[in-house]
Structure formats: C-alpha cells, structure tokens
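See below for structure.pdb, which holds PDB, C-alpha atoms.
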ATOM      1  CA  MET R   1     -45.059 -80.993  52.186
ATOM      2  CA  PRO R   2     -43.276 -78.808  54.777
ATOM      3  CA  ASP R   3     -45.330 -75.833  55.967
ATOM      4  CA  GLU R   4     -42.798 -73.223  54.942
ATOM      5  CA  TYR R   5     -42.727 -74.605  51.426
ATOM      6  CA  THR R   6     -46.412 -73.765  50.829
ATOM      7  CA  ASN R   7     -45.428 -70.089  50.785
ATOM      8  CA  LEU R   8     -43.272 -70.629  47.746
ATOM      9  CA  VAL R   9     -45.966 -72.734  46.059
ATOM     10  CA  ASN R  10     -48.643 -70.120  46.791
ATOM     11  CA  ALA R  11     -46.454 -67.306  45.518
ATOM     12  CA  LEU R  12     -45.633 -69.088  42.255
ATOM     13  CA  LYS R  13     -49.279 -70.071  41.799
ATOM     14  CA  ALA R  14     -50.451 -66.488  42.345
ATOM     15  CA  LEU R  15     -47.855 -65.153  39.900
ATOM     16  CA  THR R  16     -48.492 -67.637  37.121
ATOM     17  CA  GLN R  17     -52.258 -67.463  37.359
ATOM     18  CA  GLY R  18     -52.279 -63.682  37.259
ATOM     19  CA  GLU R  19     -53.700 -63.374  40.771
ATOM     20  CA  ALA R  20     -50.787 -61.458  42.180
ATOM     21  CA  PRO R  21     -51.611 -57.747  42.479
ATOM     22  CA  ASP R  22     -47.934 -56.876  42.445
ATOM     23  CA  PRO R  23     -45.376 -59.576  41.667
ATOM     24  CA  VAL R  24     -42.581 -57.476  43.067
ATOM     25  CA  VAL R  25     -44.342 -57.634  46.460
ATOM     26  CA  THR R  26     -45.538 -61.229  46.294
ATOM     27  CA  LEU R  27     -42.233 -63.051  45.986
ATOM     28  CA  PRO R  28     -40.358 -61.197  48.703
ATOM     29  CA  MET R  29     -43.270 -62.188  50.989
ATOM     30  CA  ALA R  30     -42.591 -65.810  50.161
ATOM     31  CA  GLU R  31     -38.899 -65.153  50.656
ATOM     32  CA  ASN R  32     -39.454 -63.862  54.181
ATOM     33  CA  GLU R  33     -41.373 -66.986  55.113
ATOM     34  CA  TRP R  34     -39.021 -69.434  53.497
ATOM     35  CA  ASN R  35     -35.708 -67.898  54.181
ATOM     36  CA  THR R  36     -32.641 -68.591  56.234
ATOM     37  CA  ARG R  37     -33.018 -71.314  58.822
ATOM     38  CA  PRO R  38     -29.450 -71.685  60.102
ATOM     39  CA  ASP R  39     -30.126 -74.818  62.140
ATOM     40  CA  SER R  40     -31.722 -76.793  59.348
ATOM     41  CA  VAL R  41     -30.072 -79.141  56.901
ATOM     42  CA  SER R  42     -31.592 -77.313  53.947
ATOM     43  CA  TYR R  43     -33.007 -73.868  53.337
ATOM     44  CA  GLY R  44     -34.114 -71.862  50.364
ATOM     45  CA  ILE R  45     -34.414 -68.376  48.991
ATOM     46  CA  VAL R  46     -36.861 -67.318  46.298
ATOM     47  CA  SER R  47     -36.480 -63.961  44.602
ATOM     48  CA  LEU R  48     -37.802 -62.016  41.670
ATOM     49  CA  ASP R  49     -34.627 -60.799  40.057
ATOM     50  CA  PHE R  50     -35.587 -58.353  37.320
ATOM     51  CA  GLU R  51     -38.024 -57.438  34.599
ATOM     52  CA  ALA R  52     -37.185 -59.713  31.695
ATOM     53  CA  ASP R  53     -39.367 -58.290  28.944
ATOM     54  CA  ALA R  54     -42.370 -56.048  28.362
ATOM     55  CA  LEU R  55     -44.969 -55.702  25.629
ATOM     56  CA  ARG R  56     -45.943 -52.081  25.156
ATOM     57  CA  GLY R  57     -49.089 -50.641  23.632
ATOM     58  CA  ASP R  58     -51.660 -47.882  24.194
ATOM     59  CA  ASP R  59     -49.023 -45.676  25.792
ATOM     60  CA  GLY R  60     -48.303 -48.190  28.501
ATOM     61  CA  LYS R  61     -47.091 -51.636  29.389
ATOM     62  CA  ARG R  62     -49.603 -54.304  28.382
ATOM     63  CA  THR R  63     -47.777 -57.297  29.791
ATOM     64  CA  THR R  64     -44.547 -57.680  31.666
ATOM     65  CA  SER R  65     -42.534 -60.791  32.288
ATOM     66  CA  TYR R  66     -40.238 -61.208  35.251
ATOM     67  CA  GLU R  67     -37.267 -63.443  35.705
ATOM     68  CA  GLY R  68     -36.845 -64.932  39.136
ATOM     69  CA  SER R  69     -34.816 -67.590  40.840
ATOM     70  CA  VAL R  70     -35.137 -70.256  43.481
ATOM     71  CA  ASP R  71     -32.007 -71.089  45.458
ATOM     72  CA  LEU R  72     -31.723 -74.199  47.559
ATOM     73  CA  PHE R  73     -28.833 -74.690  49.975
ATOM     74  CA  SER R  74     -28.424 -78.119  51.505
ATOM     75  CA  LEU R  75     -25.794 -80.046  53.390
ATOM     76  CA  VAL R  76     -27.139 -83.174  51.737
ATOM     77  CA  LYS R  77     -25.987 -83.981  48.220
ATOM     78  CA  GLU R  78     -29.434 -85.133  47.087
ATOM     79  CA  GLY R  79     -31.113 -82.061  48.581
ATOM     80  CA  ALA R  80     -33.177 -84.024  51.143
ATOM     81  CA  GLY R  81     -36.219 -84.309  48.874
ATOM     82  CA  TRP R  82     -36.383 -80.557  48.209
ATOM     83  CA  VAL R  83     -35.023 -80.833  44.690
ATOM     84  CA  LYS R  84     -37.993 -82.904  43.534
ATOM     85  CA  LEU R  85     -40.491 -80.667  45.339
ATOM     86  CA  ILE R  86     -39.071 -77.539  43.734
ATOM     87  CA  THR R  87     -38.807 -78.954  40.224
ATOM     88  CA  ASP R  88     -42.358 -80.360  40.459
ATOM     89  CA  THR R  89     -43.640 -76.960  41.557
ATOM     90  CA  LEU R  90     -41.810 -75.116  38.816
ATOM     91  CA  ALA R  91     -43.058 -77.603  36.208
ATOM     92  CA  GLU R  92     -46.623 -77.201  37.450
ATOM     93  CA  HIS R  93     -46.678 -73.415  37.700
ATOM     94  CA  CYS R  94     -44.132 -72.189  35.175
ATOM     95  CA  GLY R  95     -44.667 -74.722  32.358
ATOM     96  CA  GLY R  96     -41.475 -74.828  30.333
ATOM     97  CA  SER R  97     -40.205 -71.410  31.409
ATOM     98  CA  TRP R  98     -37.689 -72.589  33.972
ATOM     99  CA  SER R  99     -34.347 -74.325  34.088
ATOM    100  CA  LEU R 100     -31.638 -75.412  36.485
ATOM    101  CA  ASN R 101     -29.067 -72.672  36.047
ATOM    102  CA  SER R 102     -26.309 -74.103  38.207
ATOM    103  CA  LEU R 103     -25.373 -76.628  40.847
ATOM    104  CA  THR R 104     -22.315 -75.701  42.866
ATOM    105  CA  TYR R 105     -20.574 -76.862  46.022
ATOM    106  CA  GLU R 106     -19.315 -74.378  48.590
ATOM    107  CA  ARG R 107     -16.186 -75.828  50.062
ATOM    108  CA  SER R 108     -16.041 -73.365  52.967
ATOM    109  CA  THR R 109     -19.570 -74.163  54.217
ATOM    110  CA  SER R 110     -20.013 -77.717  52.828
ATOM    111  CA  LEU R 111     -23.289 -76.605  51.265
ATOM    112  CA  PHE R 112     -24.624 -77.718  47.910
ATOM    113  CA  HIS R 113     -26.302 -74.860  46.050
ATOM    114  CA  TRP R 114     -28.940 -75.341  43.372
ATOM    115  CA  GLU R 115     -30.123 -72.324  41.419
ATOM    116  CA  TRP R 116     -33.216 -72.531  39.241
ATOM    117  CA  THR R 117     -34.361 -69.609  37.124
ATOM    118  CA  PHE R 118     -37.930 -69.140  35.962
ATOM    119  CA  GLU R 119     -39.966 -66.594  34.061
ATOM    120  CA  VAL R 120     -43.494 -65.481  34.863
ATOM    121  CA  SER R 121     -45.845 -62.891  33.418
ATOM    122  CA  GLY R 122     -47.107 -60.299  35.841
TER     123      GLY R 122
ATOM    124  CA  MET M 123     -43.960 -79.843 -27.854
ATOM    125  CA  ALA M 124     -40.836 -78.589 -26.174
ATOM    126  CA  TYR M 125     -40.552 -75.150 -24.646
ATOM    127  CA  GLN M 126     -37.348 -73.288 -24.261
ATOM    128  CA  MET M 127     -36.654 -70.582 -21.712
ATOM    129  CA  LYS M 128     -33.636 -68.374 -21.801
ATOM    130  CA  VAL M 129     -32.375 -66.675 -18.649
ATOM    131  CA  ASP M 130     -29.734 -64.029 -18.981
ATOM    132  CA  GLY M 131     -27.099 -63.539 -16.307
ATOM    133  CA  MET M 132     -27.178 -67.017 -14.735
ATOM    134  CA  ALA M 133     -23.437 -67.393 -15.156
ATOM    135  CA  GLU M 134     -22.860 -64.073 -13.422
ATOM    136  CA  ILE M 135     -25.222 -65.005 -10.554
ATOM    137  CA  SER M 136     -23.442 -68.319 -10.164
ATOM    138  CA  GLU M 137     -20.120 -66.532 -10.055
ATOM    139  CA  LEU M 138     -21.392 -64.097  -7.411
ATOM    140  CA  LEU M 139     -22.758 -66.973  -5.283
ATOM    141  CA  ASP M 140     -19.354 -68.658  -5.493
ATOM    142  CA  LYS M 141     -17.692 -65.477  -4.283
ATOM    143  CA  MET M 142     -20.206 -65.172  -1.408
ATOM    144  CA  GLU M 143     -19.556 -68.743  -0.357
ATOM    145  CA  LYS M 144     -15.834 -68.102  -0.231
ATOM    146  CA  GLN M 145     -16.399 -64.928   1.792
ATOM    147  CA  ALA M 146     -18.906 -66.558   4.175
ATOM    148  CA  PRO M 147     -16.540 -67.735   6.962
ATOM    149  CA  LYS M 148     -14.848 -64.319   7.080
ATOM    150  CA  VAL M 149     -18.196 -62.514   7.130
ATOM    151  CA  ALA M 150     -19.546 -64.838   9.835
ATOM    152  CA  SER M 151     -16.480 -64.244  12.009
ATOM    153  CA  ARG M 152     -16.771 -60.495  11.649
ATOM    154  CA  ALA M 153     -20.482 -60.588  12.497
ATOM    155  CA  LEU M 154     -19.834 -62.783  15.509
ATOM    156  CA  TYR M 155     -17.143 -60.396  16.705
ATOM    157  CA  GLU M 156     -19.573 -57.476  16.414
ATOM    158  CA  GLY M 157     -22.229 -59.400  18.374
ATOM    159  CA  ALA M 158     -19.778 -60.490  21.057
ATOM    160  CA  GLY M 159     -18.613 -56.869  21.391
ATOM    161  CA  VAL M 160     -22.184 -55.738  22.065
ATOM    162  CA  MET M 161     -22.582 -58.428  24.738
ATOM    163  CA  ALA M 162     -19.261 -57.526  26.376
ATOM    164  CA  LYS M 163     -20.333 -53.864  26.544
ATOM    165  CA  GLU M 164     -23.689 -54.818  28.059
ATOM    166  CA  ILE M 165     -21.988 -57.011  30.683
ATOM    167  CA  ARG M 166     -19.662 -54.140  31.634
ATOM    168  CA  GLU M 167     -22.658 -51.831  32.120
ATOM    169  CA  GLN M 168     -24.274 -54.387  34.405
ATOM    170  CA  ILE M 169     -21.043 -54.831  36.387
ATOM    171  CA  GLU M 170     -20.955 -51.072  36.922
ATOM    172  CA  ALA M 171     -24.466 -51.302  38.393
ATOM    173  CA  ILE M 172     -23.489 -53.941  41.010
ATOM    174  CA  LYS M 173     -24.207 -52.722  44.533
ATOM    175  CA  THR M 174     -21.316 -52.989  46.995
ATOM    176  CA  GLU M 175     -20.526 -52.512  50.669
ATOM    177  CA  PRO M 176     -17.219 -52.491  52.574
ATOM    178  CA  PHE M 177     -15.991 -56.012  53.219
ATOM    179  CA  LYS M 178     -17.338 -57.805  56.291
ATOM    180  CA  TYR M 179     -17.413 -61.377  57.427
ATOM    181  CA  ALA M 180     -20.986 -62.558  56.874
ATOM    182  CA  LYS M 181     -21.512 -64.644  59.975
ATOM    183  CA  GLU M 182     -25.262 -64.256  59.757
ATOM    184  CA  GLY M 183     -27.131 -63.725  56.540
ATOM    185  CA  GLN M 184     -25.619 -62.568  53.307
ATOM    186  CA  ARG M 185     -23.313 -59.732  52.414
ATOM    187  CA  LEU M 186     -22.925 -57.618  49.287
ATOM    188  CA  PRO M 187     -19.710 -57.797  47.283
ATOM    189  CA  SER M 188     -16.968 -55.414  48.324
ATOM    190  CA  PRO M 189     -15.852 -52.556  46.047
ATOM    191  CA  GLU M 190     -12.560 -54.450  45.612
ATOM    192  CA  GLU M 191     -14.336 -57.497  44.186
ATOM    193  CA  LYS M 192     -16.313 -55.290  41.798
ATOM    194  CA  GLU M 193     -13.079 -53.617  40.742
ATOM    195  CA  VAL M 194     -11.600 -57.013  39.867
ATOM    196  CA  LEU M 195     -14.507 -57.724  37.506
ATOM    197  CA  LEU M 196     -14.273 -54.279  35.912
ATOM    198  CA  ASN M 197     -10.554 -54.680  35.330
ATOM    199  CA  ALA M 198     -10.981 -58.176  33.916
ATOM    200  CA  GLY M 199     -13.747 -57.105  31.531
ATOM    201  CA  ALA M 200     -15.845 -59.778  29.914
ATOM    202  CA  GLY M 201     -13.429 -61.435  27.550
ATOM    203  CA  ILE M 202     -14.285 -62.654  24.079
ATOM    204  CA  ALA M 203     -12.924 -66.186  23.784
ATOM    205  CA  LYS M 204     -10.729 -67.279  20.888
ATOM    206  CA  PHE M 205     -12.857 -68.025  17.829
ATOM    207  CA  ASP M 206     -13.433 -71.701  17.180
ATOM    208  CA  LYS M 207     -13.728 -72.225  13.447
ATOM    209  CA  ASN M 208     -14.376 -75.233  11.286
ATOM    210  CA  SER M 209     -15.538 -75.549   7.707
ATOM    211  CA  THR M 210     -19.219 -74.952   8.450
ATOM    212  CA  GLU M 211     -19.420 -72.886  11.600
ATOM    213  CA  VAL M 212     -17.656 -70.435  13.851
ATOM    214  CA  ASP M 213     -18.359 -69.860  17.527
ATOM    215  CA  THR M 214     -17.094 -67.996  20.561
ATOM    216  CA  SER M 215     -18.210 -67.060  24.051
ATOM    217  CA  VAL M 216     -18.182 -63.964  26.226
ATOM    218  CA  GLY M 217     -17.508 -64.220  29.933
ATOM    219  CA  PHE M 218     -14.952 -64.845  32.636
ATOM    220  CA  ASN M 219     -13.983 -68.447  31.860
ATOM    221  CA  SER M 220     -10.526 -67.494  30.670
ATOM    222  CA  ALA M 221     -10.179 -64.344  32.761
ATOM    223  CA  GLY M 222      -7.520 -65.913  34.972
ATOM    224  CA  TYR M 223      -6.769 -65.005  38.581
ATOM    225  CA  ALA M 224      -6.644 -61.798  40.570
ATOM    226  CA  ASP M 225      -5.350 -60.559  43.894
ATOM    227  CA  VAL M 226      -8.237 -59.402  46.041
ATOM    228  CA  LYS M 227      -7.218 -57.137  48.875
ATOM    229  CA  PHE M 228      -9.903 -56.054  51.314
ATOM    230  CA  LYS M 229      -9.531 -53.044  53.545
ATOM    231  CA  HIS M 230     -10.629 -54.465  56.857
ATOM    232  CA  MET M 231      -9.385 -55.516  60.265
ATOM    233  CA  SER M 232      -6.816 -58.288  60.195
ATOM    234  CA  ARG M 233      -7.000 -61.200  62.628
ATOM    235  CA  GLN M 234      -3.814 -59.934  64.274
ATOM    236  CA  ALA M 235      -5.262 -56.456  64.692
ATOM    237  CA  ARG M 236      -8.465 -57.888  66.175
ATOM    238  CA  THR M 237      -6.490 -59.911  68.717
ATOM    239  CA  ASN M 238      -4.147 -57.147  69.747
ATOM    240  CA  TYR M 239      -6.190 -54.025  69.329
ATOM    241  CA  LYS M 240      -6.581 -53.407  73.080
ATOM    242  CA  LYS M 241      -2.811 -53.359  73.460
ATOM    243  CA  VAL M 242      -2.300 -50.576  70.955
ATOM    244  CA  LYS M 243      -1.311 -47.389  72.742
ATOM    245  CA  PHE M 244      -1.546 -43.853  71.462
ATOM    246  CA  GLY M 245       0.268 -41.531  73.839
ATOM    247  CA  ASN M 246      -0.862 -42.231  77.361
ATOM    248  CA  LYS M 247      -4.179 -43.687  76.371
ATOM    249  CA  GLU M 248      -4.830 -47.260  75.440
ATOM    250  CA  SER M 249      -7.076 -46.839  72.475
ATOM    251  CA  VAL M 250      -7.335 -47.608  68.821
ATOM    252  CA  SER M 251      -7.652 -45.352  65.846
ATOM    253  CA  SER M 252      -9.741 -46.547  62.969
ATOM    254  CA  ASN M 253      -6.690 -46.318  60.727
ATOM    255  CA  ALA M 254      -4.750 -48.625  63.011
ATOM    256  CA  MET M 255      -7.494 -51.228  63.034
ATOM    257  CA  TYR M 256      -8.001 -51.450  59.334
ATOM    258  CA  VAL M 257      -5.281 -52.886  57.196
ATOM    259  CA  LEU M 258      -5.079 -54.300  53.751
ATOM    260  CA  VAL M 259      -5.487 -58.035  53.935
ATOM    261  CA  LYS M 260      -4.877 -60.385  51.103
ATOM    262  CA  HIS M 261      -7.253 -63.334  51.008
ATOM    263  CA  GLY M 262      -6.018 -66.629  49.730
ATOM    264  CA  LEU M 263      -4.513 -69.966  50.538
ATOM    265  CA  ALA M 264      -0.878 -68.996  50.828
ATOM    266  CA  ASP M 265       1.395 -65.987  50.745
ATOM    267  CA  ASN M 266       3.108 -66.785  47.518
ATOM    268  CA  GLY M 267       2.415 -67.381  43.877
ATOM    269  CA  ALA M 268      -0.848 -68.084  42.134
ATOM    270  CA  GLN M 269      -2.299 -69.900  45.124
ATOM    271  CA  ASN M 270      -2.818 -66.561  46.794
ATOM    272  CA  GLN M 271      -5.099 -65.455  44.016
ATOM    273  CA  LYS M 272      -8.781 -65.998  43.405
ATOM    274  CA  PRO M 273     -10.158 -67.186  40.065
ATOM    275  CA  ILE M 274     -12.044 -64.260  38.542
ATOM    276  CA  GLY M 275     -14.701 -66.641  37.199
ATOM    277  CA  VAL M 276     -15.475 -67.783  40.736
ATOM    278  CA  ILE M 277     -15.830 -64.183  41.952
ATOM    279  CA  ALA M 278     -18.167 -63.424  39.031
ATOM    280  CA  ASN M 279     -20.249 -66.529  39.685
ATOM    281  CA  SER M 280     -20.533 -65.853  43.410
ATOM    282  CA  ILE M 281     -21.980 -62.408  42.682
ATOM    283  CA  ASN M 282     -24.174 -63.539  39.782
ATOM    284  CA  SER M 283     -25.665 -66.657  41.394
ATOM    285  CA  GLY M 284     -25.096 -65.782  45.042
ATOM    286  CA  THR M 285     -23.788 -68.062  47.765
ATOM    287  CA  SER M 286     -24.870 -68.842  51.302
ATOM    288  CA  PHE M 287     -22.943 -65.719  52.372
ATOM    289  CA  MET M 288     -23.188 -63.481  49.270
ATOM    290  CA  LYS M 289     -26.422 -61.847  48.162
ATOM    291  CA  LYS M 290     -27.012 -62.583  44.511
ATOM    292  CA  GLN M 291     -27.035 -59.848  41.895
ATOM    293  CA  PRO M 292     -27.643 -61.599  38.579
ATOM    294  CA  PHE M 293     -25.732 -59.088  36.465
ATOM    295  CA  PHE M 294     -24.761 -61.644  33.838
ATOM    296  CA  ARG M 295     -28.275 -63.017  33.248
ATOM    297  CA  LYS M 296     -29.565 -59.447  33.086
ATOM    298  CA  ALA M 297     -26.914 -58.544  30.513
ATOM    299  CA  VAL M 298     -27.761 -61.571  28.369
ATOM    300  CA  ASN M 299     -31.471 -60.730  28.516
ATOM    301  CA  LYS M 300     -30.902 -57.107  27.626
ATOM    302  CA  GLY M 301     -28.094 -57.587  25.140
ATOM    303  CA  SER M 302     -29.044 -60.616  23.049
ATOM    304  CA  LYS M 303     -31.500 -58.704  20.847
ATOM    305  CA  LYS M 304     -29.002 -55.884  20.307
ATOM    306  CA  ALA M 305     -26.264 -58.408  19.511
ATOM    307  CA  MET M 306     -28.447 -60.114  16.898
ATOM    308  CA  GLN M 307     -29.171 -56.739  15.279
ATOM    309  CA  ALA M 308     -25.473 -55.868  15.187
ATOM    310  CA  MET M 309     -24.681 -59.228  13.577
ATOM    311  CA  SER M 310     -27.445 -58.847  10.967
ATOM    312  CA  LYS M 311     -26.204 -55.357  10.117
ATOM    313  CA  SER M 312     -22.668 -56.632   9.731
ATOM    314  CA  ILE M 313     -23.735 -59.459   7.397
ATOM    315  CA  GLU M 314     -25.946 -57.183   5.334
ATOM    316  CA  GLY M 315     -23.085 -54.708   5.051
ATOM    317  CA  ALA M 316     -20.674 -57.380   3.843
ATOM    318  CA  PHE M 317     -22.995 -59.038   1.330
ATOM    319  CA  GLY M 318     -24.875 -55.896   0.319
ATOM    320  CA  GLU M 319     -22.521 -55.259  -2.573
ATOM    321  CA  TYR M 320     -23.154 -58.739  -4.045
ATOM    322  CA  ILE M 321     -26.922 -58.454  -3.580
ATOM    323  CA  ARG M 322     -27.001 -55.066  -5.307
ATOM    324  CA  GLU M 323     -24.966 -56.498  -8.174
ATOM    325  CA  MET M 324     -27.414 -59.398  -8.538
ATOM    326  CA  ASN M 325     -30.362 -57.021  -8.587
ATOM    327  CA  ASN M 326     -28.737 -55.091 -11.425
ATOM    328  CA  LEU M 327     -28.332 -58.155 -13.609
TER     329      LEU M 327
END
Can the structure in the file be given as structure tokens, please?
Amino acid sequence: MPDEYTNLVNALKALTQGEAPDPVVTLPMAENEWNTRPDSVSYGIVSLDFEADALRGDDGKRTTSYEGSVDLFSLVKEGAGWVKLITDTLAEHCGGSWSLNSLTYERSTSLFHWEWTFEVSG
Amino acid sequence: MAYQMKVDGMAEISELLDKMEKQAPKVASRALYEGAGVMAKEIREQIEAIKTEPFKYAKEGQRLPSPEEKEVLLNAGAGIAKFDKNSTEVDTSVGFNSAGYADVKFKHMSRQARTNYKKVKFGNKESVSSNAMYVLVKHGLADNGAQNQKPIGVIANSINSGTSFMKKQPFFRKAVNKGSKKAMQAMSKSIEGAFGEYIREMNNL
C-alpha cells in the first residue's frame, strides 16, 4: 500500500470507530497528506462535505452523521490499482454507507475522475 | 349452524373505493409535482450558497466557479422533467438534464490582450489600464451557433462533483439530503388533502 494512502485509511478508521475528536479536522488532515501530486499518474482528494443528519436530545446534538467524498483522478482508465484499494477501504470502514457517485472523463486533461460518497457518524 | 352477519354501507364503501381508484393517477401526479417543487426550491437555495471567485485559469490547484457560471445555474433553475405516466405509476426528475445550453462569458483578460498589453499606449506612457486588460470572452468551441455554448448540466456537474481544476461544492447532494424529507411531507399532505373527503365520508357511514 502506498505510504500516502495510509493517511486516508487512518482517517476513515478514526472516523468510523469514533476515535476522531473532531471529524471536521481529521479529514482535511488526510487531504493535506494525500492531495495533489501533479507529476503522478493518479492522485486523490478526500473531503468531508457537510453534515448529513443529526439526532437531537437533552438540549443538544447526540449524534451527527457527516457525508464525505473521495475523489480519484487518474490518467489510467483502470485507476492503476487505486480503485480497488479505495473501494476495499470504504467497504471495511464505512460498511454499506458508501457508493460510487460518478465516473467521468475530462477531455481537456485526459483524466478519469471517480467520485465516491460515504457517510460516517462523528 | 350457520351464522349471518349484516354490514351496512358496503355498497357505498365499494363505490367510494372505485372513485378513489379512478382519482389515484391524478392525485399521484399532483403529489409528485408538489414534492418536485420542494426539491427545486431547495436546489435553488443551495445554488445561491455556492461560493464564487472571478474567473482565472487554474494552472495549479483548483479554482472556485465564477459568478457567471453561478448565474447560469440560477437562470436555468432546476427543471422538473415531463411526467412519465403509465397505468400503475408516475415519475419525474428534478435537475439540469434537460436544461439545455448557455453562453458563458467571463470577464477576464483575453489571449490577444495578454499578448499585446505592453503595446497599449495611454497618452505618452506605455501602460495598461485594468479596464483595457479585461474584456468579455466567450468560451466555447466556435464563434457561431450552439457549438459556442456549454451544456448547463456539465457546468452543474463540474461544480457539484468537482474536477481536477474546479473545487467541488456538492450543492445538489446537499439539497437532496436536506429536501427529501420535506418533499415526502409535502407529498403526503397533498395525498391526504385529495383523499380526505373520501375518508371522512367512509367514517360517517
């Protein structure tokens, strides 16, 4: 497994196992470590997009779920092995709460773009 | 020993159920329209919340959409597709699939202005005013016809899902998350309103 990828795995693990003190901080940390690498064939972006739902009680929020996304950009149609790594990680850490939202091709950059969305409780 | 049970009003109930069945497709369409309206309103609110910045070429990293691109989405609205009906169901969709094409004009420096800007003279000085540098530039494949236009669905998707040069702002997913519960409530209310009269009549039998 590539070194930079462990940041994404660790972030998802921390979020889904309730170890993350602040999910809004945790994922951008992973994003900084696993972000744009212009010289590489593939690169990814992970982000926590917004608060999806909240259960309220006792004058406060009891649980909150967040919706996030993982974006993979690759010059290779098959994603150079990253597609399997990402889907395996999402399946392991997010159970059934994830899906492939879109797969598009950017004609101007020749990049394939996968977008997965997932939901985690913070 | 045989028992007999007599129920009054069965004929009337049967007649009311027949009427409801005949009304059902119309009621379902109306409810769906109400629900789709709620979703369209929610999507518009999320479009209004999209962050923008003046257009720039994103050579490194990602850019935000320009105000002009946001304007295109606001003007297009989130259209409610034509209702697809058959004998048992009716469905529609809300989004930009049939929104068509739009001219997108960015206020930024043209290639010509960038090449020649040193040659522009104002009085005795060779300088450039900001107004001279920035011109309206139409982006597209050609200078004529529909080819010069961008599909509105593509603009919406590039903002919602992001690209290698556009920072994502998932306005559509957010709208669906926020609006689906409200849409369901609006649809339930519409159905209850339409069939309420029949239900009250049945209760009075």
#### Entry: Between atom CA of Tyr155 of chain M and atom CA of Glu137 of chain M - distance in Å to one decimal
27.6 Å
Listing only residues of chain M within 8 Å of chain R, what is the closest atom pair and its distance in Å (to one decimal) for each, using all atoms listed in the file, sorted by chain and residue number ascending, as CSV?
residue,atom,partner,partner_atom,distance
M:Gly183,CA,R:Thr36,CA,7.4
M:Ser283,CA,R:Glu115,CA,7.2
M:Thr285,CA,R:His113,CA,7.4
M:Ser286,CA,R:Phe73,CA,7.2
M:Gln291,CA,R:Asp49,CA,7.9
M:Pro292,CA,R:Asp49,CA,7.2
M:Lys296,CA,R:Phe50,CA,7.4
M:Asn299,CA,R:Ala52,CA,6.6
M:Lys300,CA,R:Ala52,CA,7.9
How about saving the chosen residues, C-alpha atoms kept, as a PDB file, in the frame of the given file?
ATOM      1  CA  GLY M 183     -27.131 -63.725  56.540  1.00  0.00           C
ATOM      2  CA  SER M 283     -25.665 -66.657  41.394  1.00  0.00           C
ATOM      3  CA  THR M 285     -23.788 -68.062  47.765  1.00  0.00           C
ATOM      4  CA  SER M 286     -24.870 -68.842  51.302  1.00  0.00           C
ATOM      5  CA  GLN M 291     -27.035 -59.848  41.895  1.00  0.00           C
ATOM      6  CA  PRO M 292     -27.643 -61.599  38.579  1.00  0.00           C
ATOM      7  CA  LYS M 296     -29.565 -59.447  33.086  1.00  0.00           C
ATOM      8  CA  ASN M 299     -31.471 -60.730  28.516  1.00  0.00           C
ATOM      9  CA  LYS M 300     -30.902 -57.107  27.626  1.00  0.00           C
TER      10      LYS M 300
END
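If you look at atom CA of Ser121 of chain R and atom CA of Ile165 of chain M, they are 24.7 Å away from each other.
For the pair atom CA of Ile277 of chain M and atom CA of Val120 of chain R, the interatomic distance is 28.6 Å.
Using all atoms listed in the file, the shortest contact distance between Ile313 of chain M and any of M:Lys289, M:Lys148, M:Arg166, M:Lys178 is found at M:Lys148.
If you measure from each of M:Ala316, M:Leu196, M:Val160, M:Ala278 to Ser302 of chain M using all atoms listed in the file, the closest one turns out to be M:Val160.
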Could you list, as a PDB file with C-alpha atoms, keeping the file's coordinate frame, every residue matched by the PyMOL selection byres ((chain M and resi 218) around 9) in this structure?
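Writing done, so here's selection-v7.pdb:
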ATOM      1  CA  LEU M 195     -14.507 -57.724  37.506  1.00  0.00           C
ATOM      2  CA  ALA M 198     -10.981 -58.176  33.916  1.00  0.00           C
ATOM      3  CA  GLY M 199     -13.747 -57.105  31.531  1.00  0.00           C
ATOM      4  CA  ALA M 200     -15.845 -59.778  29.914  1.00  0.00           C
ATOM      5  CA  GLY M 201     -13.429 -61.435  27.550  1.00  0.00           C
ATOM      6  CA  ILE M 202     -14.285 -62.654  24.079  1.00  0.00           C
ATOM      7  CA  VAL M 216     -18.182 -63.964  26.226  1.00  0.00           C
ATOM      8  CA  GLY M 217     -17.508 -64.220  29.933  1.00  0.00           C
ATOM      9  CA  ASN M 219     -13.983 -68.447  31.860  1.00  0.00           C
ATOM     10  CA  SER M 220     -10.526 -67.494  30.670  1.00  0.00           C
ATOM     11  CA  ALA M 221     -10.179 -64.344  32.761  1.00  0.00           C
ATOM     12  CA  GLY M 222      -7.520 -65.913  34.972  1.00  0.00           C
ATOM     13  CA  ILE M 274     -12.044 -64.260  38.542  1.00  0.00           C
ATOM     14  CA  GLY M 275     -14.701 -66.641  37.199  1.00  0.00           C
ATOM     15  CA  VAL M 276     -15.475 -67.783  40.736  1.00  0.00           C
ATOM     16  CA  ALA M 278     -18.167 -63.424  39.031  1.00  0.00           C
ATOM     17  CA  ASN M 279     -20.249 -66.529  39.685  1.00  0.00           C
TER      18      ASN M 279
END
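Neighbours of Asn208 of chain M closer than or equal to 12 Å, with only C-alpha atoms counted and sequence neighbours fewer than 2 positions away skipped, come out as Pro147, Lys148, Ala150, Ser151, Phe205, Asp206, Thr210, Glu211, Val212 and Asp213 of chain M.
The set of protein, DNA and RNA residues with any counted atom at most 12 Å from (-40.8, -72.8, 30.2) (only C-alpha atoms) reads Thr16, Glu67, Thr87, Leu90, Ala91, Glu92, His93, Cys94, Gly95, Gly96, Ser97, Trp98, Ser99, Leu100, Trp116, Thr117, Phe118, Glu119, Val120 and Ser121 of chain R.
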Residues just named, written with C-alpha atoms as a PDB file, in the frame of the given file:
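Once everything was written out, this is part-v6.pdb:
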ATOM      1  CA  THR R  16     -48.492 -67.637  37.121  1.00  0.00           C
ATOM      2  CA  GLU R  67     -37.267 -63.443  35.705  1.00  0.00           C
ATOM      3  CA  THR R  87     -38.807 -78.954  40.224  1.00  0.00           C
ATOM      4  CA  LEU R  90     -41.810 -75.116  38.816  1.00  0.00           C
ATOM      5  CA  ALA R  91     -43.058 -77.603  36.208  1.00  0.00           C
ATOM      6  CA  GLU R  92     -46.623 -77.201  37.450  1.00  0.00           C
ATOM      7  CA  HIS R  93     -46.678 -73.415  37.700  1.00  0.00           C
ATOM      8  CA  CYS R  94     -44.132 -72.189  35.175  1.00  0.00           C
ATOM      9  CA  GLY R  95     -44.667 -74.722  32.358  1.00  0.00           C
ATOM     10  CA  GLY R  96     -41.475 -74.828  30.333  1.00  0.00           C
ATOM     11  CA  SER R  97     -40.205 -71.410  31.409  1.00  0.00           C
ATOM     12  CA  TRP R  98     -37.689 -72.589  33.972  1.00  0.00           C
ATOM     13  CA  SER R  99     -34.347 -74.325  34.088  1.00  0.00           C
ATOM     14  CA  LEU R 100     -31.638 -75.412  36.485  1.00  0.00           C
ATOM     15  CA  TRP R 116     -33.216 -72.531  39.241  1.00  0.00           C
ATOM     16  CA  THR R 117     -34.361 -69.609  37.124  1.00  0.00           C
ATOM     17  CA  PHE R 118     -37.930 -69.140  35.962  1.00  0.00           C
ATOM     18  CA  GLU R 119     -39.966 -66.594  34.061  1.00  0.00           C
ATOM     19  CA  VAL R 120     -43.494 -65.481  34.863  1.00  0.00           C
ATOM     20  CA  SER R 121     -45.845 -62.891  33.418  1.00  0.00           C
TER      21      SER R 121
END
